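Engineer: What follows is the file query.txt, containing compact mmCIF, C-alpha atoms and all ligand atoms:
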```
# COMPACT_ATOMS: atom_id res chain seq x y z
CA MET A 1 159.39 101.43 84.97
CA ASN A 2 160.56 103.13 88.18
CA CYS A 3 163.54 102.27 90.39
CA ALA A 4 161.50 100.17 92.85
CA GLU A 5 160.15 98.05 90.01
CA ALA A 6 163.56 97.75 88.40
CA ARG A 7 165.12 96.57 91.69
CA LEU A 8 162.53 93.80 91.90
CA LEU A 9 163.54 92.53 88.46
CA LEU A 10 167.29 92.91 88.96
CA HIS A 11 168.04 89.29 89.88
CA ALA A 12 165.63 87.77 87.37
CA HIS A 13 167.32 89.86 84.69
CA ALA A 14 170.79 88.74 85.70
CA ASP A 15 169.58 85.12 85.56
CA GLY A 16 168.04 85.64 82.12
CA GLU A 17 164.58 84.87 83.46
CA LEU A 18 162.70 87.96 82.29
CA ASP A 19 160.22 87.75 79.47
CA ALA A 20 160.82 89.83 76.36
CA ALA A 21 158.58 92.74 77.39
CA ASN A 22 159.99 93.10 80.92
CA SER A 23 163.53 92.67 79.64
CA LEU A 24 163.00 95.54 77.21
CA GLU A 25 161.50 97.82 79.87
CA PHE A 26 164.27 96.93 82.28
CA GLY A 27 166.93 97.71 79.66
CA ARG A 28 165.32 101.08 79.00
CA HIS A 29 165.30 101.92 82.69
CA LEU A 30 168.99 101.04 83.04
CA LYS A 31 169.84 103.43 80.21
CA SER A 32 168.14 106.30 81.99
CA CYS A 33 169.07 105.46 85.59
CA ALA A 34 172.69 105.43 86.70
CA ALA A 35 171.88 104.06 90.18
CA CYS A 36 170.08 100.96 88.89
CA ALA A 37 172.68 100.50 86.15
CA ALA A 38 175.40 100.50 88.82
CA GLU A 39 173.45 97.98 90.90
CA ASP A 40 173.06 95.76 87.83
CA ALA A 41 176.76 96.03 86.99
CA SER A 42 177.77 95.11 90.54
CA LEU A 43 175.47 92.07 90.53
CA ARG A 44 176.97 90.94 87.25
CA ALA A 45 180.48 91.43 88.57
CA LEU A 46 179.62 89.34 91.62
CA ARG A 47 178.23 86.56 89.43
CA THR A 48 181.37 86.54 87.31
CA ALA A 49 183.60 86.51 90.36
CA LEU A 50 181.68 83.62 91.92
CA ARG A 51 181.84 81.66 88.71
CA SER A 52 185.57 82.08 88.25
CA ALA A 53 186.55 81.67 91.91
CA ASP A 54 187.84 78.28 92.89
CA LEU A 55 185.47 77.61 95.77
CA ASN A 56 186.09 73.88 95.99
CA TYR A 57 188.30 72.79 98.80
CA ARG A 58 189.63 69.30 99.02
CA ALA A 59 190.10 68.12 102.59
CA PRO A 60 193.56 66.71 103.19
CA ALA A 61 193.98 62.95 103.60
CA SER A 62 195.22 63.50 107.12
CA LEU A 63 191.79 64.86 108.13
CA ARG A 64 190.15 61.65 106.89
CA THR A 65 192.58 59.57 108.92
CA ASP A 66 192.01 61.71 112.00
CA VAL A 67 188.21 61.42 111.73
CA ARG A 68 188.44 57.63 111.30
CA GLN A 69 190.69 57.36 114.32
CA PHE A 70 188.36 59.59 116.36
CA VAL A 71 185.36 57.36 115.54
CA ARG A 72 187.35 54.21 116.32
CA ASP A 73 188.33 55.66 119.71
CA LEU A 74 184.68 56.35 120.52
CA GLU A 75 183.40 52.87 119.66
CA PRO A 76 184.24 50.93 122.84
CA GLU A 77 182.28 53.46 124.91
CA ALA A 78 179.20 53.36 122.70
CA PRO A 79 176.30 51.53 124.44
CA ARG A 80 175.40 48.20 122.91
CA PRO A 81 172.21 48.57 120.94
CA ILE A 82 169.29 46.63 122.37
CA VAL A 83 168.41 45.39 118.87
CA PRO A 84 171.36 44.01 116.88
CA LEU A 85 172.35 46.56 114.24
CA GLN A 86 171.95 44.26 111.25
CA TRP A 87 168.34 43.63 112.29
CA LEU A 88 167.69 47.32 112.63
CA TRP A 89 168.91 47.84 109.06
CA LYS A 90 166.74 45.01 107.77
CA TRP A 91 163.65 46.48 109.44
CA LEU A 92 164.45 49.92 108.11
CA ALA A 93 164.84 48.55 104.59
CA LEU A 94 161.55 46.66 104.87
CA GLY A 95 159.82 49.78 106.18
CA LEU A 96 161.15 51.86 103.29
CA ALA A 97 160.06 49.26 100.76
CA ALA A 98 156.58 49.16 102.27
CA THR A 99 156.36 52.96 102.24
CA ALA A 100 157.48 53.11 98.60
CA LEU A 101 154.89 50.49 97.70
CA ALA A 102 152.18 52.49 99.48
CA VAL A 103 153.21 55.68 97.70
CA VAL A 104 153.15 53.93 94.32
CA SER A 105 149.76 52.38 94.91
CA LEU A 106 148.28 55.56 96.38
CA ARG A 107 149.56 57.79 93.56
CA PRO A 108 146.56 59.34 91.82
CA THR A 109 146.09 57.82 88.40
CA GLY A 110 144.93 61.24 87.16
CA ILE A 111 148.36 62.24 85.81
CA SER A 112 148.09 60.65 82.39
CA GLU A 113 150.45 60.79 79.45
CA HIS A 114 148.02 63.30 77.99
CA ASP A 115 148.38 65.63 80.99
CA THR A 116 152.12 65.23 81.04
CA GLN A 117 152.32 66.29 77.42
CA LEU A 118 150.02 69.29 77.96
CA ASN A 119 152.12 70.41 80.92
CA GLU A 120 155.29 70.02 78.89
CA VAL A 121 153.84 71.98 75.98
CA VAL A 122 152.84 74.86 78.25
CA ALA A 123 156.22 74.78 80.01
CA ASN A 124 158.00 74.94 76.63
CA HIS A 125 155.81 77.86 75.63
CA VAL A 126 156.50 79.78 78.85
CA ARG A 127 160.24 79.11 78.55
CA SER A 128 160.21 80.32 74.94
CA LEU A 129 158.76 83.65 76.07
CA GLN A 130 161.74 84.34 78.31
CA ALA A 131 164.37 86.61 76.84
CA ASP A 132 166.36 85.10 73.98
CA HIS A 133 164.63 81.72 74.05
CA LEU A 134 161.92 82.31 71.48
CA MET A 135 163.70 81.69 68.21
CA ASP A 136 166.81 80.01 66.87
CA VAL A 137 166.03 81.34 63.42
CA ALA A 138 164.14 84.62 63.18
CA SER A 139 162.58 85.03 59.80
CA SER A 140 159.18 85.50 58.27
CA ASP A 141 160.42 83.73 55.16
CA ARG A 142 159.44 80.06 55.14
CA HIS A 143 162.21 79.47 52.60
CA THR A 144 164.65 80.44 55.34
CA VAL A 145 162.93 78.72 58.25
CA LYS A 146 162.27 75.36 56.57
CA PRO A 147 165.87 74.65 55.45
CA TRP A 148 167.10 75.76 58.87
CA PHE A 149 165.59 72.56 60.32
CA ASP A 150 167.54 70.39 57.81
CA GLY A 151 169.98 68.16 59.63
CA LYS A 152 168.60 69.21 63.02
CA LEU A 153 165.52 66.99 62.83
CA ASP A 154 164.88 63.55 61.35
CA PHE A 155 161.81 64.89 59.52
CA ALA A 156 160.95 67.96 57.49
CA PRO A 157 158.17 70.08 59.00
CA ASP A 158 155.74 71.81 56.69
CA VAL A 159 156.52 75.52 57.17
CA GLN A 160 153.96 78.03 55.97
CA ASP A 161 153.56 81.74 56.48
CA PHE A 162 150.02 83.02 57.03
CA ALA A 163 150.84 86.74 57.14
CA ALA A 164 148.08 87.48 54.65
CA LEU A 165 145.62 85.94 57.12
CA ASN A 166 147.04 87.84 60.11
CA PHE A 167 149.13 84.96 61.41
CA PRO A 168 152.64 85.95 60.31
CA LEU A 169 155.37 83.39 60.75
CA ILE A 170 158.15 85.01 62.76
CA GLY A 171 160.66 82.21 63.17
CA GLY A 172 161.53 78.71 64.22
CA ARG A 173 163.20 76.89 67.05
CA LEU A 174 164.34 73.42 67.94
CA ASP A 175 162.47 72.18 71.01
CA TYR A 176 161.91 68.98 72.98
CA LEU A 177 158.67 67.26 73.77
CA ASP A 178 158.01 63.73 75.07
CA GLY A 179 161.75 63.11 75.00
CA ARG A 180 162.15 63.83 71.30
CA ALA A 181 163.29 66.79 69.21
CA VAL A 182 160.37 68.66 67.65
CA ALA A 183 160.08 71.64 65.32
CA GLY A 184 158.88 74.79 67.07
CA LEU A 185 157.29 77.25 64.66
CA VAL A 186 156.55 80.69 66.02
CA TYR A 187 153.58 82.69 64.76
CA ARG A 188 152.13 85.97 65.91
CA ARG A 189 148.59 87.28 66.14
CA ASN A 190 148.69 90.99 67.02
CA LYS A 191 150.65 90.99 70.30
CA HIS A 192 150.14 87.30 71.05
CA LEU A 193 152.86 84.78 70.34
CA ILE A 194 151.93 81.30 69.26
CA ASN A 195 154.16 78.26 69.45
CA VAL A 196 153.33 75.44 67.05
CA PHE A 197 155.11 72.18 67.86
CA VAL A 198 155.33 69.68 65.00
CA TRP A 199 156.61 66.10 65.03
CA PRO A 200 155.87 62.88 63.11
CA ALA A 201 152.60 61.20 64.10
CA THR A 202 152.84 57.81 65.74
CA GLY A 203 149.06 57.37 65.65
CA PRO A 204 145.99 59.54 65.29
CA MET A 205 145.59 62.34 67.85
CA LYS A 206 142.02 63.59 68.21
CA HIS A 207 141.52 67.30 67.52
CA GLU A 208 141.27 68.77 71.03
CA THR A 209 141.17 72.25 72.47
CA GLU A 210 142.03 72.73 76.12
CA ALA A 211 142.88 75.46 78.56
CA ARG A 212 145.86 75.02 80.83
CA ARG A 213 147.33 77.56 83.26
CA GLY A 214 145.69 80.37 81.32
CA PHE A 215 146.94 79.21 77.91
CA SER A 216 144.96 77.69 75.07
CA VAL A 217 146.30 74.42 73.71
CA ILE A 218 145.09 72.76 70.50
CA ARG A 219 146.31 69.36 69.36
CA PHE A 220 145.58 67.37 66.24
CA THR A 221 147.11 65.17 63.58
CA ALA A 222 147.37 66.28 59.97
CA LYS A 223 149.42 65.15 57.00
CA GLY A 224 151.20 62.49 59.06
CA MET A 225 152.32 64.99 61.70
CA HIS A 226 151.21 65.76 65.23
CA TYR A 227 150.57 69.46 65.75
CA CYS A 228 150.33 71.19 69.08
CA LEU A 229 149.51 74.90 69.26
CA VAL A 230 149.90 76.88 72.47
CA SER A 231 149.29 80.56 73.15
CA ASP A 232 147.64 83.08 75.42
CA LEU A 233 145.49 83.93 72.42
CA ASN A 234 141.78 83.18 72.84
CA PRO A 235 140.81 79.64 71.75
CA THR A 236 138.57 80.85 68.91
CA GLU A 237 141.38 82.71 67.14
CA LEU A 238 143.87 79.96 67.87
CA GLU A 239 141.44 77.52 66.28
CA GLU A 240 141.64 79.66 63.13
CA LEU A 241 145.37 79.01 62.86
CA ALA A 242 144.79 75.32 63.60
CA GLY A 243 142.37 75.25 60.68
CA LEU A 244 145.00 76.78 58.38
CA LEU A 245 147.66 74.28 59.46
CA GLU A 246 145.25 71.36 59.18
CA LYS A 247 144.45 72.12 55.53
ZN ZN A 301 166.48 103.24 88.71
```
Kindly present the structure from the file in structure tokens form.
Ligand SMILES: [Zn+2]

Structural biologist:
Amino acid sequence: MNCAEARLLLHAHADGELDAANSLEFGRHLKSCAACAAEDASLRALRTALRSADLNYRAPASLRTDVRQFVRDLEPEAPRPIVPLQWLWKWLALGLAATALAVVSLRPTGISEHDTQLNEVVANHVRSLQADHLMDVASSDRHTVKPWFDGKLDFAPDVQDFAALNFPLIGGRLDYLDGRAVAGLVYRRNKHLINVFVWPATGPMKHETEARRGFSVIRFTAKGMHYCLVSDLNPTELEELAGLLEK
């Protein structure tokens, strides 16, 4: 990474928005470049200063009184509205209601619960790839990962390691999907990270493979649990892991 590239990532880094790979590269550059390191330090100092500064200012009560008085003084000179004000408000309210109704009825019905869930799954995956968001418990030992979920979830996810089959378990995370807490199991295939979301099944979910925003998503129900796999791994290989989890 050169200075120009590092400068582009400076703010994202300060906001914790870099993915693991970029964050690592950025960190390396800072170690070898005093100029960028100084820039980074000054940005951090500014953030800290802004956070700690008391930037709220409460207007004094006298200002409120003055403004009220000023408005009152203006009123007699204001021209009488042609339409009585209360009617104007009623028409406005009616217009807004009609517009809202039109928006509701014109809203495309294409955004189904299914799509919402897929979008959420991909968003969770992308967020997990940002620095420090991937795992709450980093371990390839299922005897460490499984008990970690105890007391954090109202169910016990089945945690298996498939290292022997080239899908090593690397950790777990608590995540949210459809407004409920779900287990997030993290697997790896070569350089690809795979998030597996697990939560109790409320009904059967057909085994489906889909592509969304460049990620493969596989969903199915097995052993009373809903599973949702998401990764940038190709669908064929991801399907292999799905098969292992489905067994
Ligand atoms: Zn530099």

Engineer: Which residue, A:Thr221, A:Thr209, A:Asn2, A:Thr116, has the smallest gap to ligand ZN 301 (chain A) when you use all atoms listed in the file?

Structural biologist: A:Asn2

Engineer: My list of candidates is A:Asp15, A:Ala93, A:Cys36, A:Ala20. Which is closest to ligand ZN 301 (chain A) when distances are computed with all atoms listed in the file?

Structural biologist: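 Residue with the minimum atom-to-atom distance to ligand ZN 301 (chain A): A:Cys36.
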
Engineer: In the coordinate frame of the file, compute which residues have an atom within 9 Å of (144.1, 70.4, 66.8) when using only C-alpha atoms, and state them as a list in words.

Structural biologist: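 Those within range, by chain then number, are Met205, Lys206, His207, Glu208, Thr209, Val217, Ile218, Arg219, Phe220, Thr221, Ala222, His226, Tyr227, Cys228, Leu229, Glu239, Ala242, Gly243 and Glu246 of chain A.
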
Engineer: As an exercise, work out the distance from atom CA of Cys3 of chain A to atom CA of Leu43 of chain A in Å and give it to one decimal place.

Structural biologist: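 Those two atoms sit 15.7 Å apart.
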
Engineer: What's the separation between atom CA of Ala123 of chain A and atom CA of Ser23 of chain A, in Å to one decimal place?

Structural biologist: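 Result for atom CA of Ala123 of chain A versus atom CA of Ser23 of chain A: 19.3 Å, one decimal.
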
Engineer: Looking at all atoms listed in the file, which of A:Phe26, A:Tyr187, A:Trp91, A:Trp199 is the one that sits closest to ligand ZN 301 (chain A)?

Structural biologist: A:Phe26

Engineer: Calculated over all atoms listed in the file, which of the candidates A:Asn190, A:Ser128, A:Thr48, A:Ser32 has the smallest distance to ligand ZN 301 (chain A)?

Structural biologist: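 Ranked by minimum distance to ligand ZN 301 (chain A), first place goes to A:Ser32.
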
Engineer: Which residue out of A:Ala163, A:Glu17, A:Cys33, A:Glu5 has the minimum interatomic distance to ligand ZN 301 (chain A) when all atoms listed in the file are used?

Structural biologist: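 Of A:Ala163, A:Glu17, A:Cys33, A:Glu5, the one nearest ligand ZN 301 (chain A), counting all atoms listed in the file, is A:Cys33.
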
Engineer: Could you list, as a PyMOL selection string, all the residues within 12 Å of ligand ZN 301 (chain A), counting all atoms listed in the file?

Structural biologist: chain A and resi 1-10+25-40

Engineer: With C-alpha atoms kept, could you save the residues just selected as a short mmCIF file (atom, residue, chain, number, x, y, z; two decimals), in the frame of the given file?

Structural biologist:
```cif
data_model
loop_
_atom_site.label_atom_id
_atom_site.label_comp_id
_atom_site.auth_asym_id
_atom_site.auth_seq_id
_atom_site.Cartn_x
_atom_site.Cartn_y
_atom_site.Cartn_z
CA MET A 1 159.39 101.43 84.97
CA ASN A 2 160.56 103.13 88.18
CA CYS A 3 163.54 102.27 90.39
CA ALA A 4 161.50 100.17 92.85
CA GLU A 5 160.15 98.05 90.01
CA ALA A 6 163.56 97.75 88.40
CA ARG A 7 165.12 96.57 91.69
CA LEU A 8 162.53 93.80 91.90
CA LEU A 9 163.54 92.53 88.46
CA LEU A 10 167.29 92.91 88.96
CA GLU A 25 161.50 97.82 79.87
CA PHE A 26 164.27 96.93 82.28
CA GLY A 27 166.93 97.71 79.66
CA ARG A 28 165.32 101.08 79.00
CA HIS A 29 165.30 101.92 82.69
CA LEU A 30 168.99 101.04 83.04
CA LYS A 31 169.84 103.43 80.21
CA SER A 32 168.14 106.30 81.99
CA CYS A 33 169.07 105.46 85.59
CA ALA A 34 172.69 105.43 86.70
CA ALA A 35 171.88 104.06 90.18
CA CYS A 36 170.08 100.96 88.89
CA ALA A 37 172.68 100.50 86.15
CA ALA A 38 175.40 100.50 88.82
CA GLU A 39 173.45 97.98 90.90
CA ASP A 40 173.06 95.76 87.83
#
```

Engineer: Suppose you want the space between atom CA of Leu193 of chain A and atom CA of Leu233 of chain A; what is it in Å?

Structural biologist: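 Between atom CA of Leu193 of chain A and atom CA of Leu233 of chain A the gap is 7.7 Å.
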
Engineer: For the point (155.8, 77.0, 69.5) in file coordinates, what residues are within 9 Å, counting all atoms listed in the file? Give the answer as a VMD selection string?

Structural biologist: chain A and resid 121 124 to 125 128 134 172 to 173 175 183 to 187 193 to 198 228 to 231

Engineer: Out of A:Leu238, A:Ala201, A:Ala97, A:Leu244, which residue has the shortest atom-to-atom distance to Met225 of chain A when counting all atoms listed in the file?

Structural biologist: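 Closest to Met225 of chain A, using all atoms listed in the file: A:Ala201.
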